[in-house]
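Notes for the one structure printed next.
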Amino acid sequence: MSASHTHDTHAAGHDDHGPMKGWRRWFYATNHKDIGSMYLIFSLVMFLTGGLMAMFIRAELLYPGTQVLDPGTFNSMTTMHALIMVFGAVMPAFTGLANWMIPLQVGAPDMALPRMNNFSFWILPFAFGMLLLTLLVPGGSPAGGWTLYPPLVLQTGDAFPMAVFAVHLMGASSIMGAINVIVTIMNMRAPGMTLLKMPLFVWTWLITAYLLIAVMPVLAGAVTMLLTDHYFGTSFFNAAGGGDPVMFQHIFWFFGHPEVYIMILPAFGVVSEIIPTFSRKPLFGYDAMVYATASIAFLSFIVWAHHMFTTGMPLVGEMFFMLSTMLIAIPTGVKVFNWTATMWKGSISFETPMLFALSFLFLFTIGGFSGLMLAIAPADFQYHDTYFVVAHFHYVLVPGAVFSIMAATYYWLPKWTGHMYNEKMGKLHFWLSTIFVNVLFFPQHFLGLAGMPRRIPDYSTQFADWNFVSSIGGFCFGLTQLLFVYNIISCVRGGVKASDKVWDDASPQGLEWTVSSPAPYHSFEVPPEVK
Amino acid sequence: MVRVAESLQPSGPHQQANRSLTRKLWWFVVGAFAFGWALVPLYDVLCSVTGYGSKKELLVAAHAAERVDMARWVTVEFLSSVPTLGAWEFAPEQTEIKVHPGQLYEATFLAKNMINQAVIAQAVPSVAPNMATQYFRKTDCFCFTPQKFEANQERELNVRFFIDPSLPRNIDRVTLGYAIYDVTQTKSALQN
Ligand code: HEM
Ligand SMILES: [Cu+2]
């Protein structure tokens with residue numbers, strides 16, 4: 001991309017110009033702050049779109065019987081909800097945070113590859129535009145689940161090639177975003193910022209970016225094979241032609257498990273920034289945190305078949321994947337321990353970002369525990385494809401990944417906008433979210449243990465009560481998020497002036513707090529000195 | 001646009017290093033893409049090394065069916081029902097046959113759509129007693145796919161099957177039943 005160009009005319013450094021005017025500023029954007037903002041706004045829009053789909057899902061499940069959606073539409077809602085939340089909401093939100101914060105945290109003037117940065121963002125609206133367009137084509141949008149298992153997914157109508165192409169585009173976007181992050185971190189750090197002095201958010205993103213470039217191409221390969229099976233008569237996954245549908249699951253989950261860590265490692269980074277600040281203590285065991293992150297990333301490559309315990313693997317396979325999965329609990333435990341130890345004897349205050357980080361700590365751990373239960377191969381035969389799995393991954397993804405994104409937003413929003421958000425409303429948003437996320441997802445553990453299968457529009461009446469509770473929790477959680485949107489918009493528009501350090505009495509550490517609030521359009525043009 | 005974009009690019013000592021690292025990372029991406037495809041042959045290699053799910057073993061399993069137990073007779077009964085379709089006829093040609101375990105047989109059902117309208121029908125099989133289900137092997141069946149019937153069309157529907165010779169000794173009578181349903185609404189969207 002930009003690497004193929006040689007251009008020395010501006011080697012003398014550049015004059016101080018502000019942003020371009022009007023739409024050009026955004027369409028031609030190469031400034032990391034502009035691009036970061038676009039990623040974050042895009043992610044918020046996708047969060048609301050995917051959230052609306054979830055409201056339809058919960059409305060259908062409010063009572064037994066089919067009332068709101070026909071079964072086909074229900075299936076396409078669960079499929080689209082997952083694809084949009086994973087690739088449209090969570091991943092772009094973290095890329096947006098990376099764009100905004102990594103240059104500020106390592107003391108670089110911008111991302112290393114600004115034009116590729118522009119490209120990787122602008123692919124996304126096209127990818128998701130196409131994905132959403134599938135709602136209108138004959139045969140309906142993809143409805144075979146976000147995991148795209150053949151042969152079911154091959155029954156998708158005209159939406160099939162569109163969905164595959166959309167996945168290709170999302171993959172290309174994340175790969176470019178990841179390359180940009182790696183090059184920025186490896187080459188653009190301020191003098192004196194050695195690797196082991198980098199803030200943890202930078203560290204977790206560096207490792208995430210490597211995971212991304214290792215597995216997104218594998219997903220691209222897998223969906224390409226689906227495409228050739230469908231249109232060009234190959235038989236990668238077609239048993240009649242000598243292929244094997246289970247092989248798709250192996251390839252998919254070789255991508256899929258690292259993918260779930262792609263969605264949680266940057267969250268670990270965010271929490272590792274916020275807890276020390278509001279505990280007024282340095283992070284406990286910094287080195288251990290870095291090594292724990294690296295070992296989680298490494299282990300994530302050798303556990304994929306825990307999603308496939310029931311496919312009839314040989315016993316040694318079941319044992320291997322069970323034990324390797326349980327092994328991940330060790331570095332994860334190190335992290336939880338270190339966050340807790342950071343707070344030990346700290347002088348803690350409970351601003352909104354800290355509240356979200358604490359909620360993350362508790363609720364993510366619940367998700368980790370249910371993960372451990374699922375990792376027990378013989379038990380997974382009971383839990384697999386039930387609501388217990390749904391409860392598990394929503395605990396790690398909603399009060400896990402999504403809460404960390406909210407925490408990060410409240411933590412850095414004053415730095416981005418120069419205004420304080422409304423703290424009272426932030427706290428209200430926090431409490432309502434934390435209460436309702438549990439009302440929404442905790443009962444799903446009971447439903448799953450009682451045997452309710454996932455991905456069904458109707459259910460036996462014995463499951464009625466907990467589904468009702470879960471749906472009410474869902475509607476309230478959904479409505480609560482409007483507070484978040486309102487708070488962000490009013491904070492962008494105005495509000496109490498934020499100081500440079502923003503959280504003055506907590507004296508946060510890190511280079512991002514040494515620039516003014518709002519962060520100037522061009523920062524660190526002269527690299528800061530790190531001691 | 002390119003001019004504008006370039007003028008915003010940070011300049012200086014990093015350019016060279018950035019370019020070379022970026023190139024290396026793209027090669028890494030190419031390698032990862034290739035690895036994804038390499039998983040296909042690797043998967044077969046792994047299967048044959050561990051002997052699990054190997055084609056050879058599966059073929060042996062398939063050939064097992066060729067061991068016909070001529071000494072044994074099992075009665076297979078056929079049932080049919082039309083729970084929702086209304087004006088339909090659907091019945092087996094023969095109500096029962098005697099079979100040797102391990103030998104391949106074919107049975108025929110006659111179906112007639114007496115509605116003045118095309119219908120897509122789906123047959124759902126069931127085997128009784130429950131214990132026998134896993135020994136009843138259908139190699140081809142009209143129930144594997146939805147069946148389209150024109151208005152007033154009459155057709156024969158076939159199923160090929162054999163009984164696994166390891167069917168427990170105490171079972172000498174097996175019932176294969178089909179219920180046929182109208183799936184026109186759900187299937188038609190996919191067919192056109
Ligand atoms: C202690 C760590 C964890 C363990 C031991 C664990 C274990 C498992 C297991 C065994 C399953 C398969 C269950 C089944 O299908 O029967 C599963 C599913 C899943 N996990 Fe985890 N997990 C852990 C952490 C996470 C994290 C951090 C995330 C994401 C942020 C995550 C996201 C998911 C998702 C999305 C699925 C379901 C995928 C699907 O079938 O659609 N897990 N987990
Ligand atoms: Cu996994």
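All residue names refer to the structure tokens as shown: chains lettered A, B, ... in order, residues numbered from 1 in each chain, ligands numbered from 1 in order.
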Within 8 Å of ligand 2, which residues show up when you count only C-alpha atoms and all ligand atoms? List them as a PyMOL selection string, please.
-> chain A and resi 253+256-258+260+300+303-307
Find the residues near ligand 1. Use a cut-off of 8 Å, count only C-alpha atoms and all ligand atoms, and write them as a ChimeraX atom specification.
-> /A:145-147,256-257,259-264,306-309,322,325-326,328-329,332,364-365,367-377,380-381,383-386,389-390,392-394,396-397,400-401
Please identify all polymer residues within 8 Å of Gly448 (chain A), counting only C-alpha atoms, omitting same-chain residues fewer than 3 positions from it, and present them as a PyMOL selection string.
-> chain A and resi 383+386-389+444-445+451-453
Store the residues picked out above, limited to N, CA, C and O atoms, as an mmCIF file, in the first residue's frame.
data_model
loop_
_atom_site.group_PDB
_atom_site.id
_atom_site.type_symbol
_atom_site.label_atom_id
_atom_site.label_comp_id
_atom_site.auth_asym_id
_atom_site.auth_seq_id
_atom_site.Cartn_x
_atom_site.Cartn_y
_atom_site.Cartn_z
ATOM 1 N N TYR A 383 -24.002 -29.553 27.783
ATOM 2 C CA TYR A 383 -24.188 -28.093 27.639
ATOM 3 C C TYR A 383 -24.154 -27.605 26.200
ATOM 4 O O TYR A 383 -24.665 -26.549 25.888
ATOM 5 N N THR A 386 -26.669 -25.375 23.940
ATOM 6 C CA THR A 386 -27.791 -24.953 24.764
ATOM 7 C C THR A 386 -27.592 -23.483 25.135
ATOM 8 O O THR A 386 -26.560 -22.882 24.833
ATOM 9 N N TYR A 387 -28.569 -22.950 25.856
ATOM 10 C CA TYR A 387 -28.457 -21.568 26.311
ATOM 11 C C TYR A 387 -27.329 -21.368 27.305
ATOM 12 O O TYR A 387 -26.939 -20.229 27.586
ATOM 13 N N PHE A 388 -26.768 -22.463 27.844
ATOM 14 C CA PHE A 388 -25.640 -22.284 28.749
ATOM 15 C C PHE A 388 -24.455 -21.678 27.992
ATOM 16 O O PHE A 388 -23.751 -20.811 28.511
ATOM 17 N N VAL A 389 -24.262 -22.134 26.760
ATOM 18 C CA VAL A 389 -23.191 -21.566 25.935
ATOM 19 C C VAL A 389 -23.495 -20.105 25.637
ATOM 20 O O VAL A 389 -22.619 -19.235 25.680
ATOM 21 N N GLN A 444 -30.160 -17.304 31.635
ATOM 22 C CA GLN A 444 -29.858 -18.176 30.496
ATOM 23 C C GLN A 444 -28.987 -19.355 30.925
ATOM 24 O O GLN A 444 -29.005 -20.404 30.282
ATOM 25 N N HIS A 445 -28.237 -19.196 32.036
ATOM 26 C CA HIS A 445 -27.528 -20.360 32.584
ATOM 27 C C HIS A 445 -28.529 -21.440 32.988
ATOM 28 O O HIS A 445 -28.362 -22.615 32.682
ATOM 29 N N GLY A 451 -31.726 -27.584 29.600
ATOM 30 C CA GLY A 451 -31.781 -28.232 28.293
ATOM 31 C C GLY A 451 -32.380 -27.418 27.166
ATOM 32 O O GLY A 451 -32.667 -27.956 26.110
ATOM 33 N N MET A 452 -32.558 -26.109 27.346
ATOM 34 C CA MET A 452 -33.122 -25.337 26.233
ATOM 35 C C MET A 452 -32.069 -25.130 25.145
ATOM 36 O O MET A 452 -31.003 -24.587 25.399
ATOM 37 N N PRO A 453 -32.348 -25.583 23.911
ATOM 38 C CA PRO A 453 -31.367 -25.407 22.840
ATOM 39 C C PRO A 453 -31.248 -23.953 22.412
ATOM 40 O O PRO A 453 -32.199 -23.174 22.569
#
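Here CA of Gln117 (chain B) stands at a distance of 22.1 Å from CA of Ser80 (chain B).
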Mind checking which residues fall within 6 Å of Asp164 (chain B), counting only C-alpha atoms, ignoring those fewer than 4 positions away in the same chain, and posting them as a PyMOL selection string?
-> chain B and resi 101-102+135
Export of prior selection with all heavy atoms as a short mmCIF file (atom, residue, chain, number, x, y, z; two decimals), in the first residue's frame:
data_model
loop_
_atom_site.label_atom_id
_atom_site.label_comp_id
_atom_site.auth_asym_id
_atom_site.auth_seq_id
_atom_site.Cartn_x
_atom_site.Cartn_y
_atom_site.Cartn_z
N PRO B 101 -30.71 -59.55 7.00
CA PRO B 101 -29.82 -58.45 7.42
C PRO B 101 -28.60 -58.39 6.52
O PRO B 101 -28.05 -59.43 6.15
CB PRO B 101 -29.44 -58.84 8.85
CG PRO B 101 -30.55 -59.71 9.32
CD PRO B 101 -31.03 -60.45 8.11
N GLY B 102 -28.20 -57.18 6.14
CA GLY B 102 -27.01 -57.00 5.32
C GLY B 102 -27.32 -56.91 3.84
O GLY B 102 -26.50 -56.45 3.06
N TYR B 135 -29.72 -49.45 13.63
CA TYR B 135 -29.35 -50.56 12.74
C TYR B 135 -30.09 -50.48 11.42
O TYR B 135 -29.87 -51.27 10.53
CB TYR B 135 -29.64 -51.90 13.42
CG TYR B 135 -28.95 -52.03 14.75
CD1 TYR B 135 -29.61 -51.77 15.95
CD2 TYR B 135 -27.59 -52.37 14.81
CE1 TYR B 135 -28.97 -51.85 17.16
CE2 TYR B 135 -26.94 -52.46 16.02
CZ TYR B 135 -27.64 -52.20 17.19
OH TYR B 135 -26.99 -52.28 18.39
#
